[in-house]
Amino acid sequence: MIGLDTLVQGISPGSMLALPPDYSGVAMAAVRALIRLGVTDLHIVACPSSGLQTDMLIGAGCVATVEAAAITLGEYGPAPCFARAVGAGAIALKDSTCPAIHAGLQAAEKGVPFMPLRGIIGSDLLAHRPDWRIIDNPLTEDEDPILLLPAIAPDVALFHAPLGDRFGNVWVGRRRELITMAHAARHTLVTVEEIYDGDLLGDERMAAGALSALYVGGVALAPKGAWPLALTDHYPIDGGHMEEYTRQAASDEGFAAYLADHVMTARAA
Amino acid sequence: MDFSREELLIGVLARLLEGMGHIAVGASSPIPGSAALLARALSDGATRVTMLGSTRDNGFTDGGRELFDCAAQGRIDAFFLSGGQIDGGANVNLVGKGDYPRSTPRFPGSFGSAYMYFMIPNVILFREEHSPRVLVEKVDFISAPGTSPPSLWRRGGPVALVTGMARFSFDRHARRFRLESVHPGNTVDDVTAATGFDFDRAPAVPTTPGPTPGMLALMRGPLAARIAETYPKFADRVFTDRMAAT
């Protein structure tokens, strides 16, 4: 295991960074460390949607491009820094749809250049995605247009998991989108809630929900590492803090104050 | 019988879900989620529900992709979509108003709509707000198209639109909504004034029936407890006060 600040040094300026949805296992402590590091020009790939972490990274000036099916704080409302950046034209958008991001990651898992997917044709998303291509299904004589989506191979995937062992294996349980992200990314960085005393791959019941160290480039211990978001079976979302965030992040000045109070001090959580 | 606006809408949606084998419900959807659980409770074991955000009512174990793969195989019969804008052709906008990409306001994004609308035979559009700013003549951005040309593979699409004022059906050939019933307390004129698109209607439009006493007993009893696992605030606000009165 390495320290949080060392872990996030694995994310260089300009990296394509894959992040999980807010319900899955979000490395918020690492995101705060990343903001303190002052990384810039990130290309965020939300897998397939994102919330607080992407909003904070945008507000802190770390992001050049957002590729996502949605950016939202869910029941806490719209993502305020994202909305401001969109209105100001301050970030490039690669608007997508959930299964297109899953399929792009699956193409990268297989090492193939694209994945075909049904649906989507007729959506205005296509007009703004020159990297998406409609072809005629080559395996039939009939007219059958179908969409090809390029593989999404992120430079880095970053997430928070309940358990990690001394061998670099991490346990995600049923949150297997984290495993897909890790397979697709060249490099995966993980924070873990607790250390597992044993070998996660040595127990059949744990191995089914585990990601092998083969894919993991670094693990840091971060108790309450998803705070203020939830970690299933560990702690619920901190609703009071989320409400404070939405109030403060409603303006640039308020967001700067939020960063000063909860991020730059390094005493968060 | 006394019932709340939410209980009325849950009842309306549950009636539309009658006979469905597998209903899936997306995140942040307490009223559709409650309706799916009610339809299941009334189905005598014939209906399965997959509710994102739930642990007990979500059997997916293969990550975020499983919902979409399941839909692509035809294993999901009914699903709900909403929209920041919905137009008279059942096109849905979840991206934002004004000129893309500098949308103002910007909505969260298209989520899975551009896919699920094609895959799922019975998509119910649900939006509580019924106003000309939501129900528009033409959406500013098509996240998901209501209809497609016949040459394009498409299994699914819209069957109904339910709002806080009324229930419409959708005719995929005519590409038009038809007003089916108006919720208690509203008139056809109210609905026409609050709707930004043209729609068809019968000469006499009935009032939407409220939930039956049996439906209300289920909602305020076992369903309230079950929905609270995923939507505790919603269950508390909508059902708890009324449980004592049942």
# chains A, B, ... in the order shown; residues from 1 in each chain; ligands from 1

call {"tool": "interface_residues", "arguments": {"of": "chain A", "to": "chain B", "cutoff": "9 Å", "atoms": "only C-alpha atoms", "output": "ChimeraX atom specification"}}
result
/A:23,47-49,68-75,78-79,82-89,92-93,95-100,102-103,117-125,128,143-146,173-180

call {"tool": "closest_atom_pairs", "arguments": {"of": "region 11-73 of chain B", "to": "region 203-224 of chain B", "cutoff": "9 Å", "atoms": "only C-alpha atoms", "output": "JSON lines"}}
result
{"residue": "B:Gly11", "atom": "CA", "partner": "B:Pro211", "partner_atom": "CA", "distance": 5.0}
{"residue": "B:Val12", "atom": "CA", "partner": "B:Pro211", "partner_atom": "CA", "distance": 7.5}
{"residue": "B:Ser34", "atom": "CA", "partner": "B:Leu223", "partner_atom": "CA", "distance": 7.2}
{"residue": "B:Leu37", "atom": "CA", "partner": "B:Leu223", "partner_atom": "CA", "distance": 6.8}
{"residue": "B:Leu38", "atom": "CA", "partner": "B:Met219", "partner_atom": "CA", "distance": 6.9}
{"residue": "B:Ala41", "atom": "CA", "partner": "B:Leu218", "partner_atom": "CA", "distance": 7.7}
{"residue": "B:Leu42", "atom": "CA", "partner": "B:Met215", "partner_atom": "CA", "distance": 8.2}

call {"tool": "atom_distance", "arguments": {"atom1": "CA of His160 (chain A)", "atom2": "CA of Gly198 (chain A)"}}
result
19.3 Å

call {"tool": "residues_around", "arguments": {"residues": "Leu211 (chain A)", "least_positions_apart": "3", "cutoff": "9 Å", "atoms": "only C-alpha atoms", "output": "PyMOL selection string"}}
result
chain A and resi 169-172+178-179+182+200-201+207-208+214-216

call {"tool": "residues_around", "arguments": {"residues": "region 126-136 of chain B", "least_positions_apart": "4", "cutoff": "10 Å", "atoms": "only C-alpha atoms", "output": "MDAnalysis selection string"}}
result
chainID B and resid 5:6 9 13 29 31:32 80:93 140 160:167 191:198

call {"tool": "atom_distance", "arguments": {"atom1": "CA of Glu180 (chain B)", "atom2": "CA of Ala235 (chain B)"}}
result
28.7 Å

call {"tool": "atom_distance", "arguments": {"atom1": "CA of Glu204 (chain A)", "atom2": "CA of Arg166 (chain A)"}}
result
17.4 Å

call {"tool": "select_by_dssp", "arguments": {"residues": "region 45-226 of chain B", "states": "alpha helix (DSSP H)", "output": "PDB file with N, CA and C atoms, in the first residue's frame"}}
result
ATOM      1  N   ARG B  65     -23.627  -2.498 -16.837  1.00  0.00           N
ATOM      2  CA  ARG B  65     -24.008  -2.906 -18.192  1.00  0.00           C
ATOM      3  C   ARG B  65     -25.217  -3.827 -18.211  1.00  0.00           C
ATOM      4  N   GLU B  66     -25.496  -4.530 -17.086  1.00  0.00           N
ATOM      5  CA  GLU B  66     -26.464  -5.633 -17.140  1.00  0.00           C
ATOM      6  C   GLU B  66     -27.870  -5.156 -17.497  1.00  0.00           C
ATOM      7  N   LEU B  67     -28.266  -3.997 -16.981  1.00  0.00           N
ATOM      8  CA  LEU B  67     -29.590  -3.446 -17.315  1.00  0.00           C
ATOM      9  C   LEU B  67     -29.739  -3.331 -18.831  1.00  0.00           C
ATOM     10  N   PHE B  68     -28.699  -2.833 -19.489  1.00  0.00           N
ATOM     11  CA  PHE B  68     -28.788  -2.562 -20.930  1.00  0.00           C
ATOM     12  C   PHE B  68     -28.714  -3.847 -21.744  1.00  0.00           C
ATOM     13  N   ASP B  69     -27.874  -4.762 -21.302  1.00  0.00           N
ATOM     14  CA  ASP B  69     -27.782  -6.055 -21.986  1.00  0.00           C
ATOM     15  C   ASP B  69     -29.094  -6.830 -21.828  1.00  0.00           C
ATOM     16  N   CYS B  70     -29.656  -6.754 -20.645  1.00  0.00           N
ATOM     17  CA  CYS B  70     -30.932  -7.414 -20.339  1.00  0.00           C
ATOM     18  C   CYS B  70     -32.037  -6.844 -21.237  1.00  0.00           C
ATOM     19  N   ALA B  71     -32.053  -5.519 -21.371  1.00  0.00           N
ATOM     20  CA  ALA B  71     -33.046  -4.860 -22.233  1.00  0.00           C
ATOM     21  C   ALA B  71     -32.838  -5.257 -23.693  1.00  0.00           C
ATOM     22  N   ALA B  72     -31.564  -5.329 -24.108  1.00  0.00           N
ATOM     23  CA  ALA B  72     -31.259  -5.637 -25.512  1.00  0.00           C
ATOM     24  C   ALA B  72     -31.721  -7.034 -25.888  1.00  0.00           C
ATOM     25  N   SER B 113     -31.404   6.748 -22.158  1.00  0.00           N
ATOM     26  CA  SER B 113     -32.650   6.933 -22.921  1.00  0.00           C
ATOM     27  C   SER B 113     -32.507   6.585 -24.398  1.00  0.00           C
ATOM     28  N   ALA B 114     -31.365   6.964 -25.011  1.00  0.00           N
ATOM     29  CA  ALA B 114     -31.193   6.788 -26.452  1.00  0.00           C
ATOM     30  C   ALA B 114     -31.158   5.309 -26.836  1.00  0.00           C
ATOM     31  N   TYR B 115     -31.040   4.470 -25.854  1.00  0.00           N
ATOM     32  CA  TYR B 115     -30.968   3.019 -26.052  1.00  0.00           C
ATOM     33  C   TYR B 115     -32.259   2.339 -25.588  1.00  0.00           C
ATOM     34  N   MET B 116     -32.639   2.638 -24.332  1.00  0.00           N
ATOM     35  CA  MET B 116     -33.786   1.950 -23.739  1.00  0.00           C
ATOM     36  C   MET B 116     -35.073   2.206 -24.522  1.00  0.00           C
ATOM     37  N   TYR B 117     -35.200   3.394 -25.111  1.00  0.00           N
ATOM     38  CA  TYR B 117     -36.401   3.735 -25.888  1.00  0.00           C
ATOM     39  C   TYR B 117     -36.568   2.791 -27.085  1.00  0.00           C
ATOM     40  N   PHE B 118     -35.449   2.270 -27.596  1.00  0.00           N
ATOM     41  CA  PHE B 118     -35.483   1.354 -28.741  1.00  0.00           C
ATOM     42  C   PHE B 118     -35.702  -0.097 -28.316  1.00  0.00           C
ATOM     43  N   MET B 119     -35.355  -0.402 -27.078  1.00  0.00           N
ATOM     44  CA  MET B 119     -35.278  -1.792 -26.649  1.00  0.00           C
ATOM     45  C   MET B 119     -36.545  -2.273 -25.951  1.00  0.00           C
ATOM     46  N   VAL B 188     -60.297  19.428 -19.263  1.00  0.00           N
ATOM     47  CA  VAL B 188     -59.641  19.295 -20.568  1.00  0.00           C
ATOM     48  C   VAL B 188     -59.053  20.650 -20.984  1.00  0.00           C
ATOM     49  N   ASP B 189     -59.768  21.723 -20.697  1.00  0.00           N
ATOM     50  CA  ASP B 189     -59.256  23.063 -21.039  1.00  0.00           C
ATOM     51  C   ASP B 189     -57.959  23.371 -20.271  1.00  0.00           C
ATOM     52  N   ASP B 190     -57.905  22.976 -19.000  1.00  0.00           N
ATOM     53  CA  ASP B 190     -56.666  23.164 -18.217  1.00  0.00           C
ATOM     54  C   ASP B 190     -55.506  22.430 -18.900  1.00  0.00           C
ATOM     55  N   VAL B 191     -55.767  21.203 -19.305  1.00  0.00           N
ATOM     56  CA  VAL B 191     -54.718  20.378 -19.919  1.00  0.00           C
ATOM     57  C   VAL B 191     -54.279  21.007 -21.242  1.00  0.00           C
ATOM     58  N   THR B 192     -55.233  21.440 -22.047  1.00  0.00           N
ATOM     59  CA  THR B 192     -54.905  22.058 -23.337  1.00  0.00           C
ATOM     60  C   THR B 192     -54.048  23.305 -23.123  1.00  0.00           C
ATOM     61  N   ALA B 193     -54.424  24.116 -22.145  1.00  0.00           N
ATOM     62  CA  ALA B 193     -53.685  25.364 -21.889  1.00  0.00           C
ATOM     63  C   ALA B 193     -52.268  25.092 -21.398  1.00  0.00           C
ATOM     64  N   ALA B 194     -52.065  23.967 -20.718  1.00  0.00           N
ATOM     65  CA  ALA B 194     -50.755  23.680 -20.117  1.00  0.00           C
ATOM     66  C   ALA B 194     -49.873  22.826 -21.021  1.00  0.00           C
ATOM     67  N   PRO B 213     -59.440   1.020  -2.810  1.00  0.00           N
ATOM     68  CA  PRO B 213     -59.093   0.826  -1.388  1.00  0.00           C
ATOM     69  C   PRO B 213     -58.027  -0.255  -1.210  1.00  0.00           C
ATOM     70  N   GLY B 214     -58.085  -1.293  -2.040  1.00  0.00           N
ATOM     71  CA  GLY B 214     -57.085  -2.360  -1.959  1.00  0.00           C
ATOM     72  C   GLY B 214     -55.695  -1.844  -2.311  1.00  0.00           C
ATOM     73  N   MET B 215     -55.621  -1.022  -3.360  1.00  0.00           N
ATOM     74  CA  MET B 215     -54.334  -0.426  -3.753  1.00  0.00           C
ATOM     75  C   MET B 215     -53.796   0.464  -2.638  1.00  0.00           C
ATOM     76  N   LEU B 216     -54.676   1.265  -2.057  1.00  0.00           N
ATOM     77  CA  LEU B 216     -54.228   2.186  -1.001  1.00  0.00           C
ATOM     78  C   LEU B 216     -53.722   1.424   0.217  1.00  0.00           C
ATOM     79  N   ALA B 217     -54.408   0.325   0.550  1.00  0.00           N
ATOM     80  CA  ALA B 217     -53.983  -0.465   1.713  1.00  0.00           C
ATOM     81  C   ALA B 217     -52.595  -1.060   1.464  1.00  0.00           C
ATOM     82  N   LEU B 218     -52.377  -1.527   0.223  1.00  0.00           N
ATOM     83  CA  LEU B 218     -51.052  -2.068  -0.110  1.00  0.00           C
ATOM     84  C   LEU B 218     -49.988  -0.968  -0.034  1.00  0.00           C
ATOM     85  N   ALA B 224     -45.057   0.712   1.512  1.00  0.00           N
ATOM     86  CA  ALA B 224     -44.373   1.847   2.136  1.00  0.00           C
ATOM     87  C   ALA B 224     -43.063   1.389   2.759  1.00  0.00           C
ATOM     88  N   ALA B 225     -43.108   0.222   3.416  1.00  0.00           N
ATOM     89  CA  ALA B 225     -41.904  -0.303   4.055  1.00  0.00           C
ATOM     90  C   ALA B 225     -40.863  -0.706   3.010  1.00  0.00           C
ATOM     91  N   ARG B 226     -41.350  -1.283   1.920  1.00  0.00           N
ATOM     92  CA  ARG B 226     -40.434  -1.785   0.890  1.00  0.00           C
ATOM     93  C   ARG B 226     -39.774  -0.625   0.120  1.00  0.00           C
TER      94      ARG B 226
END

call {"tool": "residues_around", "arguments": {"residues": "Pro150 (chain A)", "least_positions_apart": "6", "cutoff": "8 Å", "atoms": "only C-alpha atoms", "output": "ChimeraX atom specification"}}
result
/A:104,107,113-115,131-132

call {"tool": "write_last_selection", "arguments": {"atoms": "C-alpha atoms", "output": "compact mmCIF listing (two decimals), in the first residue's frame"}}
result
# COMPACT_ATOMS: atom_id res chain seq x y z
CA GLY A 104 -16.71 1.38 -25.46
CA ALA A 107 -14.30 -2.96 -26.67
CA PRO A 113 -11.26 -0.97 -32.10
CA PHE A 114 -15.06 -0.63 -31.82
CA MET A 115 -18.27 -2.21 -30.66
CA ASP A 131 -16.15 9.61 -33.62
CA TRP A 132 -19.36 7.52 -33.80

call {"tool": "residues_around", "arguments": {"residues": "Glu253 (chain A)", "least_positions_apart": "5", "cutoff": "12 Å", "atoms": "only C-alpha atoms", "output": "ChimeraX atom specification"}}
result
/A:59-60,81,247-248,258-260

call {"tool": "write_last_selection", "arguments": {"atoms": "C-alpha atoms", "output": "short mmCIF file (atom, residue, chain, number, x, y, z; two decimals), in the first residue's frame"}}
result
data_model
loop_
_atom_site.label_atom_id
_atom_site.label_comp_id
_atom_site.auth_asym_id
_atom_site.auth_seq_id
_atom_site.Cartn_x
_atom_site.Cartn_y
_atom_site.Cartn_z
CA GLY A 59 -14.91 23.63 -10.32
CA ALA A 60 -11.26 23.32 -9.30
CA CYS A 81 -19.90 23.67 -11.39
CA ARG A 247 -25.33 25.80 -1.43
CA GLN A 248 -21.67 26.76 -1.60
CA TYR A 258 -15.74 25.15 -0.02
CA LEU A 259 -12.39 24.11 -1.45
CA ALA A 260 -10.53 26.12 1.17
#

call {"tool": "closest_residue", "arguments": {"among": "A:Leu148, A:Gly168, A:Pro162, A:Met242", "to": "Pro223 (chain A)", "atoms": "only C-alpha atoms"}}
result
A:Pro162

call {"tool": "select_by_dssp", "arguments": {"residues": "region 52-164 of chain A", "states": "strand (DSSP E or B)", "output": "VMD selection string"}}
result
chain A and resid 63 to 68 70 to 72 78 92 to 95 114 to 117 121 123 133 to 136 145 to 150 156 to 164

call {"tool": "write_last_selection", "arguments": {"atoms": "N, CA and C atoms", "output": "compact mmCIF listing (two decimals), in the first residue's frame"}}
result
# COMPACT_ATOMS: atom_id res chain seq x y z
N VAL A 63 -10.29 20.09 -15.29
CA VAL A 63 -10.92 19.31 -16.37
C VAL A 63 -10.98 20.09 -17.68
N ALA A 64 -10.61 19.43 -18.79
CA ALA A 64 -10.76 20.00 -20.13
C ALA A 64 -11.96 19.41 -20.87
N THR A 65 -12.20 18.10 -20.66
CA THR A 65 -13.24 17.38 -21.42
C THR A 65 -14.03 16.47 -20.50
N VAL A 66 -15.34 16.44 -20.72
CA VAL A 66 -16.19 15.51 -19.98
C VAL A 66 -16.93 14.62 -20.97
N GLU A 67 -16.73 13.33 -20.83
CA GLU A 67 -17.43 12.32 -21.62
C GLU A 67 -18.33 11.56 -20.65
N ALA A 68 -19.66 11.69 -20.84
CA ALA A 68 -20.58 11.15 -19.84
C ALA A 68 -21.96 10.98 -20.42
N ALA A 70 -24.39 11.33 -18.16
CA ALA A 70 -25.06 12.33 -17.33
C ALA A 70 -24.12 12.78 -16.22
N ILE A 71 -24.25 14.05 -15.85
CA ILE A 71 -23.55 14.58 -14.67
C ILE A 71 -24.63 15.20 -13.78
N THR A 72 -24.80 14.64 -12.60
CA THR A 72 -25.87 15.11 -11.71
C THR A 72 -25.55 14.75 -10.27
N PRO A 78 -29.00 19.54 -9.66
CA PRO A 78 -28.03 19.64 -10.75
C PRO A 78 -26.62 19.84 -10.20
N ALA A 92 -15.00 20.99 -22.92
CA ALA A 92 -15.48 20.28 -24.11
C ALA A 92 -16.38 19.14 -23.65
N LEU A 93 -17.47 18.93 -24.39
CA LEU A 93 -18.42 17.88 -24.02
C LEU A 93 -18.40 16.76 -25.04
N LYS A 94 -18.38 15.53 -24.53
CA LYS A 94 -18.62 14.36 -25.37
C LYS A 94 -19.83 13.67 -24.77
N ASP A 95 -21.02 14.25 -25.07
CA ASP A 95 -22.25 13.69 -24.52
C ASP A 95 -22.46 12.29 -25.07
N PHE A 114 -13.71 -1.18 -31.96
CA PHE A 114 -15.06 -0.63 -31.82
C PHE A 114 -16.02 -1.71 -31.41
N MET A 115 -17.20 -1.29 -31.02
CA MET A 115 -18.27 -2.21 -30.66
C MET A 115 -19.55 -1.72 -31.34
N PRO A 116 -20.30 -2.62 -31.99
CA PRO A 116 -21.60 -2.19 -32.53
C PRO A 116 -22.66 -2.17 -31.44
N LEU A 117 -23.65 -1.29 -31.60
CA LEU A 117 -24.72 -1.21 -30.60
C LEU A 117 -26.01 -0.81 -31.33
N ILE A 121 -29.48 5.63 -33.02
CA ILE A 121 -29.62 6.34 -34.31
C ILE A 121 -30.95 7.13 -34.30
N SER A 123 -30.96 9.94 -32.44
CA SER A 123 -30.68 10.85 -31.33
C SER A 123 -29.74 11.96 -31.83
N ARG A 133 -19.88 6.14 -35.75
CA ARG A 133 -20.08 5.89 -37.16
C ARG A 133 -21.22 4.91 -37.39
N ILE A 134 -22.14 5.26 -38.30
CA ILE A 134 -23.20 4.32 -38.69
C ILE A 134 -22.72 3.52 -39.89
N ILE A 135 -22.87 2.21 -39.82
CA ILE A 135 -22.56 1.37 -40.99
C ILE A 135 -23.79 0.51 -41.31
N ASP A 136 -23.76 -0.13 -42.47
CA ASP A 136 -24.78 -1.11 -42.80
C ASP A 136 -24.29 -2.46 -42.28
N PRO A 145 -29.02 -0.44 -40.78
CA PRO A 145 -28.01 0.47 -40.22
C PRO A 145 -27.76 0.17 -38.74
N ILE A 146 -26.52 0.26 -38.34
CA ILE A 146 -26.16 0.01 -36.94
C ILE A 146 -24.97 0.89 -36.59
N LEU A 147 -24.91 1.27 -35.32
CA LEU A 147 -23.91 2.25 -34.86
C LEU A 147 -22.64 1.55 -34.35
N LEU A 148 -21.48 2.08 -34.76
CA LEU A 148 -20.20 1.61 -34.20
C LEU A 148 -19.66 2.66 -33.24
N LEU A 149 -19.22 2.18 -32.08
CA LEU A 149 -18.67 3.07 -31.05
C LEU A 149 -17.21 2.73 -30.84
N PRO A 150 -16.33 3.73 -30.87
CA PRO A 150 -14.91 3.43 -30.70
C PRO A 150 -14.62 2.92 -29.28
N VAL A 156 -6.14 6.08 -16.99
CA VAL A 156 -6.22 5.70 -15.57
C VAL A 156 -7.68 5.50 -15.19
N ALA A 157 -7.95 4.49 -14.35
CA ALA A 157 -9.25 4.36 -13.68
C ALA A 157 -9.00 4.59 -12.20
N LEU A 158 -9.92 5.28 -11.56
CA LEU A 158 -9.77 5.59 -10.12
C LEU A 158 -11.08 5.28 -9.40
N PHE A 159 -11.02 4.43 -8.36
CA PHE A 159 -12.23 4.17 -7.57
C PHE A 159 -11.89 3.77 -6.15
N HIS A 160 -12.94 3.68 -5.33
CA HIS A 160 -12.81 3.30 -3.93
C HIS A 160 -13.52 1.96 -3.72
N ALA A 161 -12.86 1.02 -3.04
CA ALA A 161 -13.43 -0.32 -2.84
C ALA A 161 -13.46 -0.64 -1.34
N PRO A 162 -14.35 -1.55 -0.94
CA PRO A 162 -14.44 -1.88 0.49
C PRO A 162 -13.16 -2.53 1.05
N LEU A 163 -12.52 -3.41 0.27
CA LEU A 163 -11.41 -4.20 0.82
C LEU A 163 -10.23 -4.28 -0.15
N GLY A 164 -9.04 -4.31 0.41
CA GLY A 164 -7.85 -4.61 -0.38
C GLY A 164 -6.94 -5.51 0.45
